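Pasting target_38.cif here (mmCIF, C-alpha atoms):
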```
data_target
loop_
_atom_site.label_atom_id
_atom_site.label_comp_id
_atom_site.auth_asym_id
_atom_site.auth_seq_id
_atom_site.Cartn_x
_atom_site.Cartn_y
_atom_site.Cartn_z
CA MET A 1 0.00 0.00 0.00
CA ILE A 2 1.08 3.57 -0.63
CA ALA A 3 0.09 5.90 2.17
CA ALA A 4 0.78 9.36 3.50
CA ASN A 5 0.37 11.55 6.56
CA LEU A 6 0.38 15.32 6.58
CA SER A 7 -0.38 18.12 9.02
CA VAL A 8 -2.56 20.75 7.40
CA SER A 9 -4.52 23.82 8.41
CA VAL A 10 -8.32 23.72 8.07
CA ASP A 11 -7.91 25.62 4.79
CA GLY A 12 -5.47 23.00 3.50
CA TYR A 13 -2.04 24.62 3.81
CA PHE A 14 0.87 22.38 4.81
CA ALA A 15 3.28 25.30 5.27
CA GLY A 16 3.05 29.05 5.61
CA PRO A 17 4.54 31.42 3.01
CA GLY A 18 8.31 31.44 2.53
CA ALA A 19 8.89 27.79 3.50
CA GLY A 20 12.47 26.61 2.90
CA PRO A 21 15.54 25.20 4.65
CA GLN A 22 15.78 28.29 6.87
CA GLN A 23 12.15 28.14 7.98
CA THR A 24 10.93 24.65 7.31
CA LEU A 25 7.23 25.32 7.87
CA GLY A 26 7.19 28.88 6.50
CA GLN A 27 5.95 31.98 8.20
CA GLY A 28 3.38 31.10 10.85
CA GLY A 29 3.49 27.44 9.79
CA GLU A 30 5.09 26.09 12.99
CA VAL A 31 1.58 26.00 14.47
CA LEU A 32 0.93 23.00 12.17
CA HIS A 33 3.38 20.85 14.14
CA GLY A 34 2.39 22.13 17.60
CA TRP A 35 0.29 19.03 18.24
CA PHE A 36 3.40 16.78 18.23
CA ALA A 37 4.39 18.33 21.54
CA HIS A 38 1.04 18.94 23.20
CA ASP A 39 0.81 17.67 26.73
CA VAL A 40 -1.76 14.99 27.19
CA ALA A 41 -2.85 15.41 30.79
CA ASP A 42 -5.74 12.99 30.67
CA ARG A 43 -4.91 9.36 29.94
CA ASP A 44 -8.09 9.06 27.90
CA GLN A 45 -6.79 11.66 25.51
CA LEU A 46 -5.01 10.62 22.39
CA SER A 47 -1.32 11.54 22.23
CA ALA A 48 0.70 12.32 19.11
CA GLU A 49 2.64 9.12 19.81
CA ASP A 50 -0.58 7.05 19.71
CA VAL A 51 -1.30 8.33 16.23
CA LEU A 52 2.18 8.50 14.76
CA ARG A 53 3.76 5.29 16.06
CA PRO A 54 1.60 2.96 13.93
CA GLU A 55 2.39 5.12 10.91
CA LEU A 56 6.13 4.82 11.56
CA GLU A 57 5.81 1.08 12.12
CA ARG A 58 3.97 0.39 8.88
CA ALA A 59 6.59 2.20 6.80
CA GLY A 60 9.05 0.13 4.78
CA ALA A 61 10.36 2.97 2.62
CA LEU A 62 9.77 6.68 2.06
CA VAL A 63 9.48 8.82 -1.04
CA MET A 64 9.89 12.57 -0.77
CA GLY A 65 10.50 15.58 -2.98
CA ARG A 66 13.73 17.54 -3.12
CA ASP A 67 12.05 20.34 -1.12
CA SER A 68 11.15 17.95 1.69
CA TYR A 69 14.68 16.59 1.71
CA GLU A 70 16.09 20.07 2.15
CA THR A 71 13.80 20.82 5.05
CA ALA A 72 14.33 17.33 6.51
CA GLU A 73 18.09 17.66 6.25
CA ALA A 74 17.94 20.87 8.27
CA ALA A 75 15.45 19.50 10.79
CA TRP A 76 16.56 15.90 11.39
CA GLY A 77 20.34 15.98 11.78
CA PRO A 78 22.39 12.76 11.86
CA HIS A 79 19.55 10.48 13.02
CA PRO A 80 16.31 10.89 11.01
CA PRO A 81 13.11 9.73 12.74
CA PHE A 82 12.49 7.19 9.96
CA GLU A 83 14.66 4.09 9.99
CA ASN A 84 13.91 3.24 6.38
CA PRO A 85 15.37 3.68 2.95
CA ILE A 86 14.35 7.13 1.73
CA PHE A 87 14.06 7.96 -1.97
CA VAL A 88 14.38 11.62 -2.85
CA LEU A 89 13.10 12.86 -6.21
CA THR A 90 15.51 15.30 -7.76
CA HIS A 91 16.77 16.53 -11.13
CA ARG A 92 20.46 16.58 -10.16
CA PRO A 93 22.25 13.25 -9.62
CA ARG A 94 23.83 13.08 -6.18
CA GLU A 95 25.59 10.50 -4.03
CA ASP A 96 23.65 8.72 -1.30
CA ASP A 97 23.36 10.64 1.95
CA VAL A 98 23.94 7.96 4.61
CA ARG A 99 22.59 8.72 8.09
CA GLU A 100 22.22 6.64 11.22
CA GLY A 101 19.44 4.13 10.56
CA SER A 102 18.50 5.35 7.11
CA THR A 103 19.97 6.36 3.77
CA PHE A 104 18.69 9.03 1.40
CA THR A 105 18.97 7.84 -2.20
CA PHE A 106 18.50 10.41 -4.97
CA VAL A 107 16.33 9.35 -7.89
CA THR A 108 16.58 11.34 -11.12
CA ASP A 109 14.38 9.27 -13.42
CA GLY A 110 11.00 10.46 -12.16
CA PHE A 111 8.25 9.79 -9.66
CA ASP A 112 7.23 6.36 -11.01
CA ALA A 113 10.83 5.14 -10.79
CA ALA A 114 11.10 6.39 -7.21
CA ILE A 115 7.88 4.57 -6.31
CA GLU A 116 9.13 1.35 -7.90
CA ARG A 117 12.40 1.48 -5.99
CA ALA A 118 10.56 2.24 -2.76
CA ARG A 119 8.14 -0.66 -3.32
CA ALA A 120 11.06 -3.02 -3.81
CA ALA A 121 12.80 -1.71 -0.70
CA ALA A 122 9.64 -1.81 1.44
CA GLY A 123 8.93 -5.50 0.85
CA GLU A 124 5.78 -6.42 2.80
CA LYS A 125 5.60 -3.02 4.43
CA ASP A 126 4.05 0.19 3.10
CA VAL A 127 5.58 2.93 1.01
CA MET A 128 4.99 6.31 2.65
CA LEU A 129 4.88 9.55 0.68
CA HIS A 130 6.47 12.27 2.78
CA GLY A 131 5.61 15.94 2.35
CA GLY A 132 3.04 17.87 0.37
CA THR A 133 4.80 17.71 -3.00
CA SER A 134 5.02 13.93 -3.11
CA ILE A 135 1.39 13.61 -1.97
CA GLN A 136 0.35 15.90 -4.83
CA GLN A 137 2.32 13.72 -7.24
CA GLY A 138 0.80 10.56 -5.78
CA LEU A 139 -2.75 11.91 -6.15
CA ARG A 140 -2.07 13.14 -9.68
CA ALA A 141 -0.59 9.77 -10.66
CA GLY A 142 -3.51 7.92 -9.04
CA ILE A 143 -1.23 5.71 -6.93
CA LEU A 144 -1.98 6.94 -3.40
CA ASP A 145 -4.06 4.41 -1.44
CA GLU A 146 -4.51 6.11 1.91
CA LEU A 147 -4.13 9.63 3.23
CA GLN A 148 -4.26 10.76 6.84
CA LEU A 149 -4.70 14.47 7.40
CA HIS A 150 -3.78 15.86 10.79
CA VAL A 151 -6.09 18.89 10.70
CA VAL A 152 -4.89 21.73 12.91
CA PRO A 153 -7.49 24.31 14.04
CA VAL A 154 -6.22 27.36 12.20
CA LEU A 155 -6.92 29.09 8.89
CA LEU A 156 -3.46 30.01 7.58
CA THR A 157 -4.95 31.88 4.57
CA GLN A 158 -1.67 31.62 2.64
CA GLY A 159 1.36 29.38 2.09
CA ARG A 160 1.76 26.03 0.37
CA TRP A 161 -1.63 24.56 -0.44
CA LEU A 162 -1.93 20.77 -0.45
CA TRP A 163 -4.65 20.54 -3.10
CA GLU A 164 -2.77 22.48 -5.76
CA ASP A 165 -2.10 20.71 -9.01
CA ILE A 166 -3.69 17.34 -8.20
CA GLY A 167 -5.58 17.16 -11.50
CA ASP A 168 -9.04 18.49 -12.34
CA LEU A 169 -11.25 15.45 -11.92
CA PRO A 170 -13.03 14.65 -8.64
CA ILE A 171 -11.23 12.06 -6.52
CA GLU A 172 -13.52 9.98 -4.34
CA LEU A 173 -12.39 9.21 -0.83
CA GLU A 174 -13.69 6.77 1.74
CA PRO A 175 -13.49 7.68 5.43
CA VAL A 176 -11.44 5.12 7.38
CA ARG A 177 -11.79 6.77 10.78
CA THR A 178 -11.70 10.09 12.59
CA LEU A 179 -9.76 10.61 15.82
CA GLU A 180 -9.85 13.67 18.03
CA GLY A 181 -6.46 14.61 19.46
CA VAL A 182 -5.39 17.59 21.53
CA GLY A 183 -5.35 20.56 19.18
CA VAL A 184 -5.69 18.34 16.12
CA THR A 185 -8.23 16.11 14.36
CA HIS A 186 -6.95 13.04 12.52
CA LEU A 187 -8.96 12.23 9.38
CA LYS A 188 -7.91 9.05 7.63
CA TYR A 189 -9.20 8.39 4.12
CA ARG A 190 -8.87 5.59 1.59
CA VAL A 191 -8.52 6.90 -1.98
CA ARG A 192 -11.08 5.20 -4.28
CA ARG A 193 -10.14 4.18 -7.78
CA MET B 1 -23.69 34.50 18.51
CA ILE B 2 -23.06 34.45 14.78
CA ALA B 3 -22.66 30.95 13.42
CA ALA B 4 -22.58 29.05 10.17
CA ASN B 5 -22.80 25.57 8.71
CA LEU B 6 -21.51 24.49 5.34
CA SER B 7 -20.95 21.25 3.43
CA VAL B 8 -17.51 21.21 1.85
CA SER B 9 -15.26 18.76 0.07
CA VAL B 10 -12.00 17.75 1.78
CA ASP B 11 -10.23 20.30 -0.44
CA GLY B 12 -12.61 23.04 0.72
CA TYR B 13 -15.01 23.52 -2.21
CA PHE B 14 -18.66 24.28 -1.37
CA ALA B 15 -19.83 23.92 -4.99
CA GLY B 16 -18.46 22.49 -8.20
CA PRO B 17 -17.72 24.66 -11.23
CA GLY B 18 -20.62 26.44 -12.95
CA ALA B 19 -22.81 26.79 -9.84
CA GLY B 20 -25.91 28.92 -10.40
CA PRO B 21 -29.72 28.84 -10.29
CA GLN B 22 -29.82 26.08 -12.93
CA GLN B 23 -27.35 23.85 -11.10
CA THR B 24 -27.25 25.02 -7.51
CA LEU B 25 -24.22 23.00 -6.46
CA GLY B 26 -22.35 23.21 -9.76
CA GLN B 27 -20.97 20.38 -11.82
CA GLY B 28 -20.32 17.35 -9.62
CA GLY B 29 -21.22 19.36 -6.50
CA GLU B 30 -24.41 17.44 -5.67
CA VAL B 31 -22.17 14.91 -3.88
CA LEU B 32 -21.69 17.55 -1.17
CA HIS B 33 -25.33 17.26 -0.09
CA GLY B 34 -25.58 13.48 -0.46
CA TRP B 35 -25.21 13.01 3.30
CA PHE B 36 -28.58 14.73 3.96
CA ALA B 37 -30.30 11.70 2.48
CA HIS B 38 -28.04 8.84 3.57
CA ASP B 39 -29.86 5.98 5.18
CA VAL B 40 -28.90 5.41 8.75
CA ALA B 41 -29.46 1.71 9.24
CA ASP B 42 -27.87 1.47 12.64
CA ARG B 43 -29.50 3.48 15.44
CA ASP B 44 -26.08 4.22 16.89
CA GLN B 45 -25.16 6.08 13.74
CA LEU B 46 -25.62 9.79 13.57
CA SER B 47 -28.26 10.97 11.12
CA ALA B 48 -28.30 14.25 9.21
CA GLU B 49 -31.34 15.21 11.29
CA ASP B 50 -29.36 14.73 14.53
CA VAL B 51 -26.78 17.22 13.33
CA LEU B 52 -28.97 19.72 11.51
CA ARG B 53 -31.98 20.02 13.84
CA PRO B 54 -30.08 21.80 16.66
CA GLU B 55 -28.63 24.17 14.04
CA LEU B 56 -32.13 25.00 12.75
CA GLU B 57 -33.42 25.43 16.30
CA ARG B 58 -30.72 27.87 17.38
CA ALA B 59 -31.34 30.15 14.39
CA GLY B 60 -33.23 33.40 14.97
CA ALA B 61 -32.38 35.00 11.63
CA LEU B 62 -30.33 34.26 8.52
CA VAL B 63 -27.99 36.34 6.39
CA MET B 64 -27.15 35.19 2.89
CA GLY B 65 -25.62 36.56 -0.29
CA ARG B 66 -27.52 37.25 -3.47
CA ASP B 67 -26.04 34.10 -5.03
CA SER B 68 -27.36 31.94 -2.19
CA TYR B 69 -30.79 33.55 -2.54
CA GLU B 70 -30.90 32.69 -6.20
CA THR B 71 -30.02 29.08 -5.56
CA ALA B 72 -32.31 28.95 -2.50
CA GLU B 73 -35.20 30.41 -4.47
CA ALA B 74 -34.83 27.67 -7.04
CA ALA B 75 -34.37 24.91 -4.48
CA TRP B 76 -36.82 25.77 -1.70
CA GLY B 77 -40.10 26.73 -3.37
CA PRO B 78 -42.93 28.30 -1.36
CA HIS B 79 -41.91 26.90 2.03
CA PRO B 80 -38.20 27.39 2.85
CA PRO B 81 -36.71 25.07 5.47
CA PHE B 82 -35.86 28.03 7.71
CA GLU B 83 -38.78 29.64 9.53
CA ASN B 84 -36.86 32.82 10.24
CA PRO B 85 -36.43 36.29 8.85
CA ILE B 86 -33.83 36.06 6.07
CA PHE B 87 -31.69 39.05 5.07
CA VAL B 88 -30.27 38.92 1.56
CA LEU B 89 -27.29 41.12 0.66
CA THR B 90 -27.75 42.66 -2.73
CA HIS B 91 -26.89 45.77 -4.73
CA ARG B 92 -30.35 46.19 -6.28
CA PRO B 93 -33.23 47.26 -4.02
CA ARG B 94 -36.12 44.82 -4.21
CA GLU B 95 -39.40 44.24 -2.44
CA ASP B 96 -39.63 41.63 0.28
CA ASP B 97 -40.15 38.08 -0.95
CA VAL B 98 -42.74 36.67 1.47
CA ARG B 99 -42.89 32.87 1.74
CA GLU B 100 -44.67 30.52 4.12
CA GLY B 101 -42.95 30.83 7.49
CA SER B 102 -40.25 33.24 6.43
CA THR B 103 -39.65 36.45 4.53
CA PHE B 104 -36.61 37.36 2.44
CA THR B 105 -35.68 41.01 2.99
CA PHE B 106 -33.16 42.60 0.63
CA VAL B 107 -30.47 44.73 2.21
CA THR B 108 -28.55 47.16 -0.01
CA ASP B 109 -26.44 49.01 2.54
CA GLY B 110 -23.79 46.36 3.09
CA PHE B 111 -22.85 43.32 5.16
CA ASP B 112 -22.62 45.12 8.52
CA ALA B 113 -26.11 46.54 8.08
CA ALA B 114 -27.47 43.09 7.21
CA ILE B 115 -25.85 41.65 10.33
CA GLU B 116 -27.31 44.41 12.51
CA ARG B 117 -30.81 43.83 11.15
CA ALA B 118 -30.42 40.08 11.62
CA ARG B 119 -29.21 40.52 15.21
CA ALA B 120 -32.22 42.67 16.01
CA ALA B 121 -34.57 40.13 14.41
CA ALA B 122 -32.93 37.14 16.09
CA GLY B 123 -33.41 38.42 19.64
CA GLU B 124 -31.95 35.83 22.03
CA LYS B 125 -31.32 33.37 19.23
CA ASP B 126 -28.34 33.12 16.91
CA VAL B 127 -27.71 34.75 13.57
CA MET B 128 -26.76 32.15 10.97
CA LEU B 129 -24.68 32.98 7.92
CA HIS B 130 -25.96 30.91 5.02
CA GLY B 131 -23.78 29.97 2.06
CA GLY B 132 -20.10 30.28 1.26
CA THR B 133 -20.14 33.96 0.27
CA SER B 134 -21.59 35.18 3.55
CA ILE B 135 -19.20 32.97 5.53
CA GLN B 136 -16.29 34.51 3.64
CA GLN B 137 -17.63 37.97 4.46
CA GLY B 138 -18.10 37.03 8.10
CA LEU B 139 -14.54 35.72 8.41
CA ARG B 140 -13.14 38.77 6.64
CA ALA B 141 -15.10 41.10 8.91
CA GLY B 142 -14.06 39.12 12.00
CA ILE B 143 -17.62 38.66 13.22
CA LEU B 144 -18.13 34.91 12.81
CA ASP B 145 -18.14 33.12 16.18
CA GLU B 146 -18.67 29.50 15.20
CA LEU B 147 -18.31 27.47 12.04
CA GLN B 148 -19.38 23.89 11.46
CA LEU B 149 -17.96 22.20 8.40
CA HIS B 150 -19.72 19.11 7.10
CA VAL B 151 -16.70 17.53 5.40
CA VAL B 152 -17.65 15.18 2.57
CA PRO B 153 -15.09 12.54 1.52
CA VAL B 154 -14.25 13.79 -1.95
CA LEU B 155 -11.61 16.01 -3.55
CA LEU B 156 -13.60 18.14 -6.00
CA THR B 157 -10.38 19.80 -7.34
CA GLN B 158 -12.36 22.77 -8.73
CA GLY B 159 -15.39 24.93 -8.12
CA ARG B 160 -16.16 27.55 -5.50
CA TRP B 161 -13.52 27.47 -2.79
CA LEU B 162 -14.60 28.44 0.73
CA TRP B 163 -11.27 29.91 1.85
CA GLU B 164 -10.98 32.41 -0.98
CA ASP B 165 -10.75 36.04 -0.03
CA ILE B 166 -10.97 35.68 3.76
CA GLY B 167 -8.04 38.03 4.38
CA ASP B 168 -4.34 37.19 4.61
CA LEU B 169 -3.77 36.87 8.33
CA PRO B 170 -4.00 33.54 10.17
CA ILE B 171 -7.33 32.99 11.93
CA GLU B 172 -7.11 30.81 15.03
CA LEU B 173 -9.85 28.28 15.60
CA GLU B 174 -10.75 26.21 18.62
CA PRO B 175 -12.21 22.75 18.09
CA VAL B 176 -15.66 22.44 19.69
CA ARG B 177 -16.27 18.82 18.73
CA THR B 178 -15.98 16.31 15.93
CA LEU B 179 -18.81 13.97 14.95
CA GLU B 180 -18.63 11.12 12.50
CA GLY B 181 -21.72 10.78 10.32
CA VAL B 182 -22.48 8.47 7.41
CA GLY B 183 -20.44 9.77 4.48
CA VAL B 184 -19.58 13.00 6.29
CA THR B 185 -17.51 14.28 9.21
CA HIS B 186 -18.82 17.23 11.19
CA LEU B 187 -16.08 19.54 12.46
CA LYS B 188 -17.31 22.37 14.66
CA TYR B 189 -14.94 25.23 15.47
CA ARG B 190 -15.09 28.39 17.55
CA VAL B 191 -13.36 31.32 15.84
CA ARG B 192 -10.85 32.95 18.22
CA ARG B 193 -10.43 36.70 18.33
#
```
Take the structure from the file and write it as structure tokens.
Amino acid sequence: MIAANLSVSVDGYFAGPGAGPQQTLGQGGEVLHGWFAHDVADRDQLSAEDVLRPELERAGALVMGRDSYETAEAAWGPHPPFENPIFVLTHRPREDDVREGSTFTFVTDGFDAAIERARAAAGEKDVMLHGGTSIQQGLRAGILDELQLHVVPVLLTQGRWLWEDIGDLPIELEPVRTLEGVGVTHLKYRVRR
Amino acid sequence: MIAANLSVSVDGYFAGPGAGPQQTLGQGGEVLHGWFAHDVADRDQLSAEDVLRPELERAGALVMGRDSYETAEAAWGPHPPFENPIFVLTHRPREDDVREGSTFTFVTDGFDAAIERARAAAGEKDVMLHGGTSIQQGLRAGILDELQLHVVPVLLTQGRWLWEDIGDLPIELEPVRTLEGVGVTHLKYRVRR
């Protein structure tokens, strides 16, 4: 299965304006990741860990865009949070970037090739699309099976919009489940084909 | 309190392309109102009635744009579903349109004036903004207190987008509650000021 997770504002932005290596979530966009660190005082409340651990565990390989790699490189340091092979789509050939637990491999022959390499690397596990750009590509290519949106209660009004450039035909979804976290609502959908 | 309800796609469209009196929800947009009529086989499941009745009951007056009036006029016939005074924002003066149970009054001196007249008419009850255009105006003017989105599992990819023209500063929301319906997820937010 090919799946993805992304934190978005209610109006569908996954980063504020000016996102880049210096400011990974753009201006005002850090609010989108605030829920990772929210205190969960009540044991009945859902923690970020409860939601994200199964997503990390299912992953056998990751595919991300060059933009996500640049922000990830700045944010993750020597030990990325994903202990999986990571395939980075790029136009410029580049040597593997080997980190503790995972290696970034640069793929220059397109999205489909990156997906194929990730599928092979993932084996029985799932291929995860990481970041807004690769999710857009996955939707456009019709290969995304499941999408979980972590909807943060804010209208950013500008920035990088997730639903840009995903084609112009309706895409039917099927609700898998909704979970209410602290300062976030987790909507998981199956993409119908 | 000033509140609103709207059915939207996951990508935030409240109508497909070409919406107008002839095709009130635009091309492909009828899917957004499908949940009104979904059968609820299991008594534990939430029906449309469960969600919409309290919203109808809290309403003391409605404000809508001219576009919503035109689609409402076509859709509702002699007996509109809202038994409340309805204030329609328009540029052209027009005589009241009296229906069974409610009267449409046309307001030509702007959004604020329409809100003031609706507040006076609503008394202790709430003023409801009806339709995407009036919600956009309410957000832009900073007077909307509560917004419930009925999120329908589809990516429409085009049409009338709710988050257009609501200003360019982030608007903080506070989750009130999330309810899972049949073919729809109801996200209710308080707008923070």
So what does the PyMOL selection byres ((chain A) within 9 of (chain B)) actually pick up in this one, as number ranges by chain?
-> A: 10-12, 28, 152-158, 162-175, 177-180, 183-185, 187, 189, 191
Pull out every residue that the PyMOL selection byres ((chain B and resi 86-97) around 8) matches in the shown coordinates and put them as a ChimeraX atom specification.
-> /B:61-66,69,84-85,98-99,102-111,114,117-118
Take the residues just selected and output them with C-alpha atoms as a compact mmCIF listing (two decimals), in the coordinates of the input.
```txt
# COMPACT_ATOMS: atom_id res chain seq x y z
CA ALA B 61 -32.38 35.00 11.63
CA LEU B 62 -30.33 34.26 8.52
CA VAL B 63 -27.99 36.34 6.39
CA MET B 64 -27.15 35.19 2.89
CA GLY B 65 -25.62 36.56 -0.29
CA ARG B 66 -27.52 37.25 -3.47
CA TYR B 69 -30.79 33.55 -2.54
CA ASN B 84 -36.86 32.82 10.24
CA PRO B 85 -36.43 36.29 8.85
CA VAL B 98 -42.74 36.67 1.47
CA ARG B 99 -42.89 32.87 1.74
CA SER B 102 -40.25 33.24 6.43
CA THR B 103 -39.65 36.45 4.53
CA PHE B 104 -36.61 37.36 2.44
CA THR B 105 -35.68 41.01 2.99
CA PHE B 106 -33.16 42.60 0.63
CA VAL B 107 -30.47 44.73 2.21
CA THR B 108 -28.55 47.16 -0.01
CA ASP B 109 -26.44 49.01 2.54
CA GLY B 110 -23.79 46.36 3.09
CA PHE B 111 -22.85 43.32 5.16
CA ALA B 114 -27.47 43.09 7.21
CA ARG B 117 -30.81 43.83 11.15
CA ALA B 118 -30.42 40.08 11.62
```
Let me know the residues the PyMOL selection byres ((chain A and resi 68) around 9) catches in the file above, as an mmCIF file with C-alpha atoms, in the frame of the given file.
```cif
data_model
loop_
_atom_site.group_PDB
_atom_site.id
_atom_site.type_symbol
_atom_site.label_atom_id
_atom_site.label_comp_id
_atom_site.auth_asym_id
_atom_site.auth_seq_id
_atom_site.Cartn_x
_atom_site.Cartn_y
_atom_site.Cartn_z
ATOM 1 C CA GLY A 20 12.470 26.610 2.900
ATOM 2 C CA PRO A 21 15.540 25.200 4.650
ATOM 3 C CA THR A 24 10.930 24.650 7.310
ATOM 4 C CA MET A 64 9.890 12.570 -0.770
ATOM 5 C CA GLY A 65 10.500 15.580 -2.980
ATOM 6 C CA ARG A 66 13.730 17.540 -3.120
ATOM 7 C CA ASP A 67 12.050 20.340 -1.120
ATOM 8 C CA TYR A 69 14.680 16.590 1.710
ATOM 9 C CA GLU A 70 16.090 20.070 2.150
ATOM 10 C CA THR A 71 13.800 20.820 5.050
ATOM 11 C CA ALA A 72 14.330 17.330 6.510
ATOM 12 C CA GLU A 73 18.090 17.660 6.250
ATOM 13 C CA VAL A 88 14.380 11.620 -2.850
ATOM 14 C CA HIS A 130 6.470 12.270 2.780
ATOM 15 C CA GLY A 131 5.610 15.940 2.350
ATOM 16 C CA GLY A 132 3.040 17.870 0.370
ATOM 17 C CA THR A 133 4.800 17.710 -3.000
ATOM 18 C CA SER A 134 5.020 13.930 -3.110
#
```
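For the residues A:Glu100, A:Ile115, A:Val151, A:Gln23, ranking by smallest atom-to-atom distance to Val8 in chain A using only C-alpha atoms places A:Val151 first.
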A straight line from CA of Val127 in chain A to CA of Glu30 in chain A spans 26.1 Å
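Separating CA of Leu129 in chain A from CA of Pro81 in chain A is a distance of 14.6 Å.
One distance worth recording is that between CA of His150 in chain A and CA of Asp39 in chain A, which is 16.7 Å.
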Quick one: what's the axis-aligned box for range 89-108 of chain B, all listed atoms, 6 Å on every side, centre and edges in Å to one decimal, as lines of an AutoDock Vina configuration file?
```
center_x = -35.8
center_y = 38.9
center_z = 0.6
size_x = 29.8
size_y = 28.7
size_z = 25.8
```
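Around Val51 in chain B, within 10 Å and counting all atoms listed in the file, the residues found are Phe36, Leu46, Leu56, His150, Leu179, Gly181 and His186 of chain B, once anything fewer than 5 positions away on its own chain is removed.
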Could you save those same residues with C-alpha atoms as an mmCIF file, in the frame of the given file?
```cif
data_model
loop_
_atom_site.group_PDB
_atom_site.id
_atom_site.type_symbol
_atom_site.label_atom_id
_atom_site.label_comp_id
_atom_site.auth_asym_id
_atom_site.auth_seq_id
_atom_site.Cartn_x
_atom_site.Cartn_y
_atom_site.Cartn_z
ATOM 1 C CA PHE B 36 -28.580 14.730 3.960
ATOM 2 C CA LEU B 46 -25.620 9.790 13.570
ATOM 3 C CA LEU B 56 -32.130 25.000 12.750
ATOM 4 C CA HIS B 150 -19.720 19.110 7.100
ATOM 5 C CA LEU B 179 -18.810 13.970 14.950
ATOM 6 C CA GLY B 181 -21.720 10.780 10.320
ATOM 7 C CA HIS B 186 -18.820 17.230 11.190
#
```
For Lys125 in chain A: contacts at 10 Å, only C-alpha atoms, fewer than 2 positions along chain excluded, given as a list in words = Met1, Ile2, Glu57, Arg58, Ala59, Gly60, Ala61, Arg119, Ala120, Ala121, Ala122, Gly123, Val127 and Met128 of chain A
